[in-house]
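S.K.: Before I ask anything, let me first share the structure, which is written out below as structure tokens.
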Amino acid sequence: MVMVFWLKIMICCVILVDMNEALVKFKIKEYFWKLIAKNKDDETKAVAEGDFEGYFVRSQRDEKIKDLIQTCLFISKNKMSQKVHNLIVAEENSEMNIITGCLMGDEVKEARHLGITEIYVKKGAKLTYTMVHSWGNGVVVRPKTAVVVEEGGSFVSNYICVKPVGDIKMYPKCHLKGDNSQADFNSFVYAREGSKFDIGSKIVFDGENSSGQIISKIVCDKSEVTNRGCMVGNAKNIKAHLDCGGLILSKKGIIRAIPELEANLADLNMTHEASIGKVSEEAVEYLMSRGMSEKQAVSMIVKGFLAVSKFALPESVEKELEKFNF
Amino acid sequence: MLKIKDLFVSMDGHDILKGVNLSLGRGELIVILGPNGCGKTTLLKAIMGIGGLKINKGEIIFKGKKINGLSIDKRATMGIGMMYQKSPKLSGIKLKKIVDFLGKKANTNKYNIDKFLNRNVNDNLSGGEVKRSELFQLRLQNPDLLLLDEPDSGVDIENVAVVGKEIDKMVKEGKGAIVITHTGQILNYLKTKIAYVMINGRIVCCDEAKKMLATINANGYKVCIHCKKHDESC
């Protein structure tokens with residue numbers, strides 16, 4: 001069976017329960033299927049029309065939740081199709097830090113993950129949402145995420161994938177609806193041999209003085225990565241920056257960086273930069289001349305390229321990445 | 001400790017070193033002078049094994065073992081260390097990571113290096129700061145042979161003193177060193193005797209270092225080109 005794990009908690013400041021249970025217990029229909037159309041595509045329809053699992057997380061107004069809220073999506077059996085619908089609501093002036101791990105059992109060779117996640121960041125709220133993917137070569141992954149951020153709200157998305165995946169398409173969209181709102185999408189991908197990624201993020205700036213950035217760090221090893229980034233400026237004094245960085249380790253690796261900026265008025269500031277290159281031989285030699293093997297030198301350079309430490313990742317994630325052998 | 005015999009080296013099909021002979025023992029320091037492009041840096045790179053060079057003929061023997069073709073890290077492990085003329089900037093790699101790798105303790109105060117440990121290697125540092133960082137890493141690495149490519153270039157007088165005194169100390173400890181310099185400032189702190197002049201990929205002359213530098217400063221390298229001394233006599 002397909003399994004979705006989380007701790008069921010309903011304490012004073014946060015609710016974390018099964019999505020189906022939440023639909024019965026809480027008045028949340030105003031949020032459900034409001035950011036993503038049910039008939040958007042076949043994959044979305046499959047989630048809308050069939051049974052699904054998922055989690056509902058809601059912070060209470062004005063509550064600053066210091067503890068990390070953890071959820072986990074787990075595919076336990078081979079050839080299963082996991083259908084998930086998640087809903088996250090950060091109420092006004094609250095703060096939450098959520099981490100979601102997606103993984104599968106050792107016996108799973110083929111599987112499909114279809115996910116819908118709708119996220120609401122209310123006035124003045126701050127939500128950090130970290131997703132760590134740990135799939136396998138035979139898994140097709142199709143998560144659809146939509147976010148809306150109200151006035152003064154802040155949304156930070158961290159996406160991390162350093163394990164193989166069969167084929168993933170993911171293009172979360174964030175609507176900065178309120179003035180002075182903010183969104184950051186940070187992606188760290190080490191595309192292992194045979195993996196195929198078509199990923200990216202989109203931010204639509206409708207609130208004045210809102211700001212956002214999309215930063216992608218892609219390391220590609222005998223794999224194919226399409227890295228998209230789109231920012232649409234519709235409001236005055238917005239500040240938008242898009243940065244796609246790619247490092248190719250193998251002659252059989254492909255990275256396509258597709259940055260897109262759309263400015264619909266003059267009084268705004270939108271920038272982008274994209275760079276793709278190989279590991280600097282000079283840097284490898286420098287480190288080897290200090291006594292490192294070539295493998296150790298390349299690993300250190302890759303970690304340096306990803307440079308996760310400058311992003312606000314949960315400490316546990318940062319420590320795991322530090323230990324990871326690239 | 002180091003013997004170089006009739007070394008011919010090329011890069012991308014261009015001959016750079018054309019028959020270099022050199023030897024160096026423990027506790028010895030030699031200086032190599034020469035015009036830009038004569039092959040000085042290539043010689044150090046060939047000894048370290050970096051820069052995509054091709055050895056067409058000759059031998060590099062270190063501690064009695066021929067090291068032609070040996071990987072860079074193996075040469076480093078055997079006891080060869082290099083201070084680069086142009087150290088690459090290592091984006092996202094903190095100096096502390098290299099220090100941790102080298103796994104030894106050194107007095108950071110001496111090099112005034114503490115503030116750089118959590119900064120990217122060679123990034124946004126002044127010339128003197130880069131050289132101090134390089135020297136600090138070499139101290140931790142503790143090689144027997146120091147390859148020092150222009151340790152005084154782009155460095156203010158105070159930092160030249162720090163670097164020069166430390167090199168001199170390491171040589172007194174028994175390390176061998178090859179120093180490339182253009183300005184000769186570093187010589188004020190080194191108790192070296194011999195400088196070699198390299199022209200067009202060959203060592204053509206040698207003499208007492210300060211005397212040689214004074215001659216070159218007065219007359220340029222043309223005097224070396226026409227010098228009667230050959231590398232065999234050096």
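By convention in this document, the chains of the structure tokens carry letters A, B, ... by their order, each chain's residues are numbered from 1, and ligands are numbered from 1 in the order they are shown.
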Can you pull out every residue within 12 Å of A:Gly194, counting only C-alpha atoms, but drop anything in the same chain fewer than 4 positions away, and send it as an NGL selection string?

M.R.: :A and (136-139 or 163-168 or 190 or 220-225 or 250 or 252-254)

S.K.: Write out as a PyMOL selection string each polymer residue whose atoms come within 12 Å of A:Ser316, counting only C-alpha atoms; drop sequence neighbours fewer than 2 positions from it.

M.R.: chain A and resi 68+70+99+130+132+309+312-314+318-323

S.K.: Save the residues we just selected, all heavy atoms, as a tab-separated table (two decimals), in the first residue's frame?

M.R.:
```tsv
chain	number	residue	atom	x	y	z
A	68	LEU	N	10.75	22.34	14.59
A	68	LEU	CA	10.61	21.94	13.20
A	68	LEU	C	9.42	20.98	13.07
A	68	LEU	O	9.30	20.03	13.84
A	68	LEU	CB	11.90	21.23	12.78
A	68	LEU	CG	12.16	20.97	11.31
A	68	LEU	CD1	12.23	22.27	10.53
A	68	LEU	CD2	13.48	20.20	11.15
A	70	GLN	N	7.76	18.09	11.06
A	70	GLN	CA	8.24	17.13	10.08
A	70	GLN	C	7.11	16.26	9.54
A	70	GLN	O	6.28	15.78	10.29
A	70	GLN	CB	9.30	16.22	10.71
A	70	GLN	CG	10.59	16.95	11.00
A	70	GLN	CD	11.65	16.02	11.54
A	70	GLN	OE1	11.76	15.83	12.73
A	70	GLN	NE2	12.43	15.44	10.64
A	99	ILE	N	9.41	20.60	7.31
A	99	ILE	CA	10.28	19.81	6.44
A	99	ILE	C	9.55	18.54	6.03
A	99	ILE	O	8.95	17.86	6.86
A	99	ILE	CB	11.64	19.49	7.11
A	99	ILE	CG1	12.50	18.64	6.17
A	99	ILE	CG2	11.48	18.80	8.46
A	99	ILE	CD1	13.95	18.53	6.60
A	130	THR	N	10.72	23.08	3.53
A	130	THR	CA	11.88	22.37	2.99
A	130	THR	C	11.46	20.97	2.54
A	130	THR	O	10.86	20.23	3.31
A	130	THR	CB	12.99	22.25	4.05
A	130	THR	OG1	13.37	23.57	4.45
A	130	THR	CG2	14.21	21.51	3.51
A	132	VAL	N	12.81	17.39	0.93
A	132	VAL	CA	13.96	16.56	0.59
A	132	VAL	C	13.47	15.33	-0.15
A	132	VAL	O	12.70	14.54	0.39
A	132	VAL	CB	14.73	16.13	1.87
A	132	VAL	CG1	15.95	15.30	1.49
A	132	VAL	CG2	15.14	17.35	2.68
A	309	SER	N	25.21	26.25	3.01
A	309	SER	CA	25.28	26.87	4.33
A	309	SER	C	24.76	28.31	4.35
A	309	SER	O	24.41	28.82	5.40
A	309	SER	CB	26.72	26.84	4.85
A	309	SER	OG	27.56	27.48	3.94
A	312	ALA	N	18.91	29.22	4.71
A	312	ALA	CA	18.38	28.89	6.04
A	312	ALA	C	17.79	27.48	6.04
A	312	ALA	O	16.59	27.30	6.21
A	312	ALA	CB	17.34	29.93	6.44
A	313	LEU	N	18.64	26.48	5.84
A	313	LEU	CA	18.15	25.10	5.87
A	313	LEU	C	18.08	24.63	7.32
A	313	LEU	O	18.85	25.09	8.16
A	313	LEU	CB	19.10	24.19	5.11
A	313	LEU	CG	19.22	24.39	3.61
A	313	LEU	CD1	20.24	23.42	3.03
A	313	LEU	CD2	17.88	24.20	2.92
A	314	PRO	N	17.18	23.69	7.59
A	314	PRO	CA	17.19	23.11	8.93
A	314	PRO	C	18.58	22.52	9.22
A	314	PRO	O	19.21	21.95	8.34
A	314	PRO	CB	16.13	22.00	8.85
A	314	PRO	CG	15.23	22.41	7.74
A	314	PRO	CD	16.10	23.14	6.76
A	318	GLU	N	21.30	20.31	6.84
A	318	GLU	CA	22.62	20.82	6.49
A	318	GLU	C	23.71	19.85	6.91
A	318	GLU	O	24.67	19.59	6.18
A	318	GLU	CB	22.82	22.18	7.17
A	318	GLU	CG	23.83	23.03	6.45
A	318	GLU	CD	23.90	24.43	7.01
A	318	GLU	OE1	22.86	25.10	7.09
A	318	GLU	OE2	25.00	24.82	7.38
A	319	LYS	N	23.56	19.26	8.09
A	319	LYS	CA	24.56	18.30	8.58
A	319	LYS	C	24.59	17.04	7.71
A	319	LYS	O	25.66	16.51	7.42
A	319	LYS	CB	24.24	17.91	10.03
A	319	LYS	CG	24.70	18.96	11.03
A	319	LYS	CD	24.46	18.50	12.45
A	319	LYS	CE	24.97	19.54	13.43
A	319	LYS	NZ	24.57	19.22	14.81
A	320	GLU	N	23.41	16.58	7.29
A	320	GLU	CA	23.35	15.39	6.43
A	320	GLU	C	24.04	15.67	5.09
A	320	GLU	O	24.78	14.83	4.58
A	320	GLU	CB	21.89	14.97	6.18
A	320	GLU	CG	21.28	14.17	7.31
A	320	GLU	CD	22.06	12.91	7.65
A	320	GLU	OE1	22.33	12.12	6.74
A	320	GLU	OE2	22.44	12.76	8.82
A	321	LEU	N	23.78	16.84	4.53
A	321	LEU	CA	24.39	17.19	3.25
A	321	LEU	C	25.90	17.30	3.39
A	321	LEU	O	26.65	16.93	2.48
A	321	LEU	CB	23.82	18.51	2.73
A	321	LEU	CG	22.42	18.41	2.12
A	321	LEU	CD1	21.87	19.80	1.84
A	321	LEU	CD2	22.42	17.61	0.83
A	322	GLU	N	26.32	17.80	4.53
A	322	GLU	CA	27.76	17.94	4.77
A	322	GLU	C	28.44	16.56	4.76
A	322	GLU	O	29.55	16.41	4.26
A	322	GLU	CB	27.96	18.64	6.12
A	322	GLU	CG	29.39	19.02	6.43
A	322	GLU	CD	30.02	19.96	5.43
A	322	GLU	OE1	29.31	20.85	4.89
A	322	GLU	OE2	31.19	19.77	5.14
A	323	LYS	N	27.74	15.56	5.28
A	323	LYS	CA	28.30	14.21	5.35
A	323	LYS	C	28.21	13.48	4.01
A	323	LYS	O	28.87	12.50	3.79
A	323	LYS	CB	27.55	13.40	6.41
A	323	LYS	CG	27.93	13.76	7.84
A	323	LYS	CD	27.35	12.78	8.83
A	323	LYS	CE	25.89	13.04	9.08
A	323	LYS	NZ	25.28	12.18	10.07
```

S.K.: With only C-alpha atoms as the basis for distance, which of B:Gly19, B:Gly37, B:Gly51, B:Gly127 is at the shortest distance from chain A?

M.R.: B:Gly51

S.K.: Counting only C-alpha atoms, what are the residues of chain A within 12 Å of chain B, and for each of them which pair of atoms is the nearest and at what distance in Å, to one decimal? Sort the table by chain and rising number, as CSV.

M.R.:
```
residue,atom,partner,partner_atom,distance
A:Val279,CA,B:Leu90,CA,10.9
A:Ser280,CA,B:Leu90,CA,9.3
A:Glu281,CA,B:Gly51,CA,8.6
A:Glu282,CA,B:Pro88,CA,6.8
A:Ala283,CA,B:Pro88,CA,6.2
A:Val284,CA,B:Leu90,CA,9.6
A:Glu285,CA,B:Ile50,CA,6.2
A:Tyr286,CA,B:Pro88,CA,7.5
A:Leu287,CA,B:Ile98,CA,8.0
A:Met288,CA,B:Asp73,CA,4.8
A:Ser289,CA,B:Ala76,CA,5.5
A:Arg290,CA,B:Ala76,CA,6.3
A:Gly291,CA,B:Asp73,CA,4.5
A:Met292,CA,B:Asp73,CA,5.7
A:Ser293,CA,B:Asp73,CA,5.8
A:Glu294,CA,B:Asp73,CA,7.8
A:Lys295,CA,B:Asp73,CA,10.8
A:Gln296,CA,B:Phe101,CA,9.8
A:Ala297,CA,B:Asp73,CA,10.0
A:Val298,CA,B:Ile93,CA,11.4
A:Ser299,CA,B:Ile93,CA,10.8
A:Met300,CA,B:Ile93,CA,7.2
A:Ile301,CA,B:Ile93,CA,7.0
A:Val302,CA,B:Gly92,CA,8.9
A:Lys303,CA,B:Gly92,CA,7.5
A:Gly304,CA,B:Gly92,CA,3.9
A:Phe305,CA,B:Gly92,CA,5.7
A:Leu306,CA,B:Gly92,CA,7.6
A:Ala307,CA,B:Gly92,CA,5.5
A:Val308,CA,B:Gly92,CA,9.1
A:Ser309,CA,B:Gly92,CA,9.1
A:Lys310,CA,B:Gly92,CA,9.5
A:Glu322,CA,B:Lys97,CA,11.3
```

S.K.: Looking only at helix (DSSP H, G or I) from DSSP on the backbone, list the matching residues of stretch 31-108 of chain A as a PyMOL selection string.

M.R.: chain A and resi 42-49

S.K.: Within 9 Å of A:Leu265, counting only C-alpha atoms, which residues show up once you throw out same-chain ones fewer than 6 positions away? Write them as a list in words, please.

M.R.: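 Listing them by chain and then by number gives Gly233, Asn234, Ala235 and Lys236 of chain A.
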
S.K.: Could you work out how far atom CA of A:Ala257 lies from atom CA of A:Gly229, giving the answer in Å with one decimal?

M.R.: 8.2 Å

S.K.: Fewer than 3 positions away in the same chain doesn't count, so skip those; otherwise give me all residues within 8 Å of A:Tyr159, counting only C-alpha atoms, as a PDB file with N, CA and C atoms, in the first residue's frame.

M.R.:
```pdb
ATOM      1  N   THR A 130      10.722  23.077   3.532  1.00  0.00           N
ATOM      2  CA  THR A 130      11.883  22.366   2.988  1.00  0.00           C
ATOM      3  C   THR A 130      11.459  20.970   2.535  1.00  0.00           C
ATOM      4  N   MET A 131      11.741  20.663   1.303  1.00  0.00           N
ATOM      5  CA  MET A 131      11.381  19.344   0.783  1.00  0.00           C
ATOM      6  C   MET A 131      12.653  18.595   0.383  1.00  0.00           C
ATOM      7  N   VAL A 132      12.806  17.386   0.926  1.00  0.00           N
ATOM      8  CA  VAL A 132      13.964  16.558   0.595  1.00  0.00           C
ATOM      9  C   VAL A 132      13.469  15.330  -0.149  1.00  0.00           C
ATOM     10  N   HIS A 133      13.857  15.194  -1.401  1.00  0.00           N
ATOM     11  CA  HIS A 133      13.448  14.042  -2.204  1.00  0.00           C
ATOM     12  C   HIS A 133      14.511  12.960  -2.139  1.00  0.00           C
ATOM     13  N   PHE A 185      12.779  30.826  -3.588  1.00  0.00           N
ATOM     14  CA  PHE A 185      12.853  29.412  -3.951  1.00  0.00           C
ATOM     15  C   PHE A 185      14.324  29.037  -4.103  1.00  0.00           C
ATOM     16  N   ASN A 186      14.792  28.143  -3.266  1.00  0.00           N
ATOM     17  CA  ASN A 186      16.175  27.673  -3.343  1.00  0.00           C
ATOM     18  C   ASN A 186      16.170  26.186  -3.695  1.00  0.00           C
ATOM     19  N   SER A 187      16.860  25.837  -4.764  1.00  0.00           N
ATOM     20  CA  SER A 187      16.894  24.427  -5.180  1.00  0.00           C
ATOM     21  C   SER A 187      18.332  23.928  -5.231  1.00  0.00           C
ATOM     22  N   PHE A 188      18.558  22.763  -4.649  1.00  0.00           N
ATOM     23  CA  PHE A 188      19.875  22.132  -4.666  1.00  0.00           C
ATOM     24  C   PHE A 188      19.699  20.727  -5.228  1.00  0.00           C
ATOM     25  N   VAL A 189      20.216  20.523  -6.402  1.00  0.00           N
ATOM     26  CA  VAL A 189      19.995  19.228  -7.062  1.00  0.00           C
ATOM     27  C   VAL A 189      21.330  18.635  -7.491  1.00  0.00           C
TER      28      VAL A 189
END
```

S.K.: Could you pull out all residues of stretch 91-154 of chain B with a DSSP call of strand (DSSP E or B) and give them as a ChimeraX atom specification?

M.R.: /B:91-94,120-121,145-149

S.K.: Show which residues sit within 10 Å of B:Glu129, as a list in words. Count only C-alpha atoms, and ignore same-chain residues fewer than 4 positions away.

M.R.: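 Here the qualifying residues turn out to be Tyr111, Asn112, Ile113, Phe116, Asn122, Asn124, Leu125, Ser133, Glu134, Leu135, Val155, Asp156 and Asn159 of chain B.
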
S.K.: Please produce a file of the residues just selected, as a JSON list (two decimals), in the first residue's frame, where the atoms kept are all heavy atoms.

M.R.:
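To be explicit, this is the file written out as result_35.json:
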```
[["chain", "number", "residue", "atom", "x", "y", "z"],
["B", 111, "TYR", "N", 50.30, 34.10, 11.31],
["B", 111, "TYR", "CA", 49.96, 34.49, 9.94],
["B", 111, "TYR", "C", 48.77, 35.44, 9.90],
["B", 111, "TYR", "O", 48.32, 35.81, 8.83],
["B", 111, "TYR", "CB", 49.64, 33.23, 9.10],
["B", 111, "TYR", "CG", 50.73, 32.19, 9.13],
["B", 111, "TYR", "CD1", 50.72, 31.20, 10.09],
["B", 111, "TYR", "CD2", 51.79, 32.26, 8.24],
["B", 111, "TYR", "CE1", 51.73, 30.25, 10.15],
["B", 111, "TYR", "CE2", 52.80, 31.32, 8.30],
["B", 111, "TYR", "CZ", 52.77, 30.32, 9.25],
["B", 111, "TYR", "OH", 53.77, 29.40, 9.30],
["B", 112, "ASN", "N", 48.26, 35.76, 11.09],
["B", 112, "ASN", "CA", 47.09, 36.64, 11.19],
["B", 112, "ASN", "C", 45.98, 36.12, 10.27],
["B", 112, "ASN", "O", 45.43, 36.85, 9.45],
["B", 112, "ASN", "CB", 47.49, 38.07, 10.81],
["B", 112, "ASN", "CG", 46.44, 39.07, 11.21],
["B", 112, "ASN", "OD1", 45.55, 38.76, 12.00],
["B", 112, "ASN", "ND2", 46.51, 40.26, 10.64],
["B", 113, "ILE", "N", 45.67, 34.85, 10.41],
["B", 113, "ILE", "CA", 44.85, 34.16, 9.42],
["B", 113, "ILE", "C", 43.46, 33.82, 9.95],
["B", 113, "ILE", "O", 42.57, 33.44, 9.18],
["B", 113, "ILE", "CB", 45.59, 32.87, 8.95],
["B", 113, "ILE", "CG1", 45.18, 32.46, 7.55],
["B", 113, "ILE", "CG2", 45.40, 31.71, 9.92],
["B", 113, "ILE", "CD1", 45.95, 33.16, 6.51],
["B", 116, "PHE", "N", 40.32, 34.67, 8.14],
["B", 116, "PHE", "CA", 40.09, 34.13, 6.79],
["B", 116, "PHE", "C", 39.57, 32.69, 6.81],
["B", 116, "PHE", "O", 39.19, 32.15, 5.78],
["B", 116, "PHE", "CB", 41.37, 34.14, 5.95],
["B", 116, "PHE", "CG", 42.02, 35.48, 5.89],
["B", 116, "PHE", "CD1", 43.39, 35.60, 6.08],
["B", 116, "PHE", "CD2", 41.27, 36.62, 5.67],
["B", 116, "PHE", "CE1", 43.99, 36.84, 6.05],
["B", 116, "PHE", "CE2", 41.88, 37.86, 5.63],
["B", 116, "PHE", "CZ", 43.24, 37.98, 5.82],
["B", 122, "ASN", "N", 41.04, 32.21, -1.07],
["B", 122, "ASN", "CA", 41.61, 33.18, -2.03],
["B", 122, "ASN", "C", 40.59, 34.14, -2.63],
["B", 122, "ASN", "O", 40.87, 34.79, -3.64],
["B", 122, "ASN", "CB", 42.33, 32.46, -3.18],
["B", 122, "ASN", "CG", 43.44, 31.57, -2.69],
["B", 122, "ASN", "OD1", 44.11, 31.89, -1.72],
["B", 122, "ASN", "ND2", 43.63, 30.43, -3.34],
["B", 124, "ASN", "N", 38.37, 37.52, -2.51],
["B", 124, "ASN", "CA", 38.32, 38.84, -1.89],
["B", 124, "ASN", "C", 39.42, 39.06, -0.86],
["B", 124, "ASN", "O", 39.19, 39.63, 0.20],
["B", 124, "ASN", "CB", 36.95, 39.08, -1.22],
["B", 124, "ASN", "CG", 35.88, 39.35, -2.25],
["B", 124, "ASN", "OD1", 36.12, 40.04, -3.24],
["B", 124, "ASN", "ND2", 34.70, 38.79, -2.04],
["B", 125, "LEU", "N", 40.60, 38.57, -1.17],
["B", 125, "LEU", "CA", 41.75, 38.80, -0.30],
["B", 125, "LEU", "C", 42.75, 39.69, -1.05],
["B", 125, "LEU", "O", 42.83, 39.65, -2.28],
["B", 125, "LEU", "CB", 42.44, 37.48, 0.06],
["B", 125, "LEU", "CG", 41.62, 36.40, 0.78],
["B", 125, "LEU", "CD1", 42.50, 35.19, 1.07],
["B", 125, "LEU", "CD2", 41.01, 36.92, 2.06],
["B", 133, "SER", "N", 47.89, 33.20, 3.40],
["B", 133, "SER", "CA", 47.02, 32.02, 3.41],
["B", 133, "SER", "C", 47.75, 30.82, 2.79],
["B", 133, "SER", "O", 47.70, 29.71, 3.31],
["B", 133, "SER", "CB", 45.73, 32.33, 2.63],
["B", 133, "SER", "OG", 45.03, 31.16, 2.35],
["B", 134, "GLU", "N", 48.45, 31.07, 1.69],
["B", 134, "GLU", "CA", 49.20, 30.01, 1.02],
["B", 134, "GLU", "C", 50.30, 29.45, 1.94],
["B", 134, "GLU", "O", 50.50, 28.25, 2.03],
["B", 134, "GLU", "CB", 49.86, 30.56, -0.25],
["B", 134, "GLU", "CG", 48.88, 30.91, -1.37],
["B", 134, "GLU", "CD", 48.51, 29.68, -2.17],
["B", 134, "GLU", "OE1", 49.35, 29.19, -2.92],
["B", 134, "GLU", "OE2", 47.38, 29.23, -2.02],
["B", 135, "LEU", "N", 50.98, 30.38, 2.60],
["B", 135, "LEU", "CA", 52.07, 29.99, 3.48],
["B", 135, "LEU", "C", 51.54, 29.18, 4.66],
["B", 135, "LEU", "O", 52.15, 28.18, 5.08],
["B", 135, "LEU", "CB", 52.80, 31.24, 3.97],
["B", 135, "LEU", "CG", 54.16, 31.05, 4.58],
["B", 135, "LEU", "CD1", 55.14, 30.45, 3.58],
["B", 135, "LEU", "CD2", 54.71, 32.37, 5.10],
["B", 155, "VAL", "N", 52.62, 42.07, -3.10],
["B", 155, "VAL", "CA", 52.62, 42.00, -1.64],
["B", 155, "VAL", "C", 53.30, 43.24, -1.07],
["B", 155, "VAL", "O", 54.35, 43.65, -1.56],
["B", 155, "VAL", "CB", 53.38, 40.73, -1.17],
["B", 155, "VAL", "CG1", 53.33, 40.59, 0.33],
["B", 155, "VAL", "CG2", 52.80, 39.49, -1.84],
["B", 156, "ASP", "N", 52.69, 43.83, -0.03],
["B", 156, "ASP", "CA", 53.32, 45.00, 0.57],
["B", 156, "ASP", "C", 54.55, 44.58, 1.39],
["B", 156, "ASP", "O", 54.75, 43.40, 1.68],
["B", 156, "ASP", "CB", 52.32, 45.78, 1.44],
["B", 156, "ASP", "CG", 51.80, 44.94, 2.58],
["B", 156, "ASP", "OD1", 52.61, 44.43, 3.36],
["B", 156, "ASP", "OD2", 50.57, 44.78, 2.69],
["B", 159, "ASN", "N", 54.19, 42.34, 4.50],
["B", 159, "ASN", "CA", 53.85, 40.94, 4.22],
["B", 159, "ASN", "C", 55.02, 40.20, 3.57],
["B", 159, "ASN", "O", 55.19, 39.00, 3.80],
["B", 159, "ASN", "CB", 52.61, 40.85, 3.34],
["B", 159, "ASN", "CG", 51.33, 40.98, 4.15],
["B", 159, "ASN", "OD1", 51.13, 40.24, 5.10],
["B", 159, "ASN", "ND2", 50.48, 41.93, 3.79]]
```

S.K.: Can you tell me, as a list in words, what residues are no more than 9 Å from A:Tyr31 when counting only C-alpha atoms, ignoring any on the same chain fewer than 6 positions away?

M.R.: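 Returned residues: Leu87, Val89, Glu118, Ile119 and Tyr120 of chain A.
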
S.K.: Which is closer to A:Thr117 than all the others in A:Glu208, A:Asp267, A:Glu53, A:Glu262, using only C-alpha atoms?

M.R.: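 Once distances to A:Thr117 are computed over only C-alpha atoms, the minimum belongs to A:Glu53.
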
S.K.: Just the residues within 6 Å of stretch 59-65 of chain A, please, counting only C-alpha atoms, with nothing from its chain fewer than 2 positions along; format it as a list in words.

M.R.: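 Skipping anything fewer than 2 positions along the chain leaves Cys13, Val14, Asp67, Ala90, Glu91, Glu92, Asn93, Ser94, Glu95 and Met96 of chain A.
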
S.K.: Hey, can you spit out that residue selection with C-alpha atoms as an mmCIF file, in the first residue's frame?

M.R.:
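Below is the file again.cif, written as the result:
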```cif
data_model
loop_
_atom_site.group_PDB
_atom_site.id
_atom_site.type_symbol
_atom_site.label_atom_id
_atom_site.label_comp_id
_atom_site.auth_asym_id
_atom_site.auth_seq_id
_atom_site.Cartn_x
_atom_site.Cartn_y
_atom_site.Cartn_z
ATOM 1 C CA CYS A 13 -0.250 26.449 18.238
ATOM 2 C CA VAL A 14 -0.323 24.043 15.300
ATOM 3 C CA ASP A 67 10.150 23.468 16.637
ATOM 4 C CA ALA A 90 0.111 29.776 7.977
ATOM 5 C CA GLU A 91 -2.296 32.066 9.789
ATOM 6 C CA GLU A 92 -1.707 35.792 10.274
ATOM 7 C CA ASN A 93 1.590 36.741 11.922
ATOM 8 C CA SER A 94 2.485 33.128 12.634
ATOM 9 C CA GLU A 95 5.790 31.429 11.886
ATOM 10 C CA MET A 96 6.307 27.822 10.839
#
```

S.K.: Between atom CA of A:Gly246 and atom CA of A:Ile218, what is the spacing in Å?

M.R.: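 Value for the atom CA of A:Ile218-atom CA of A:Gly246 distance: 4.7 Å.
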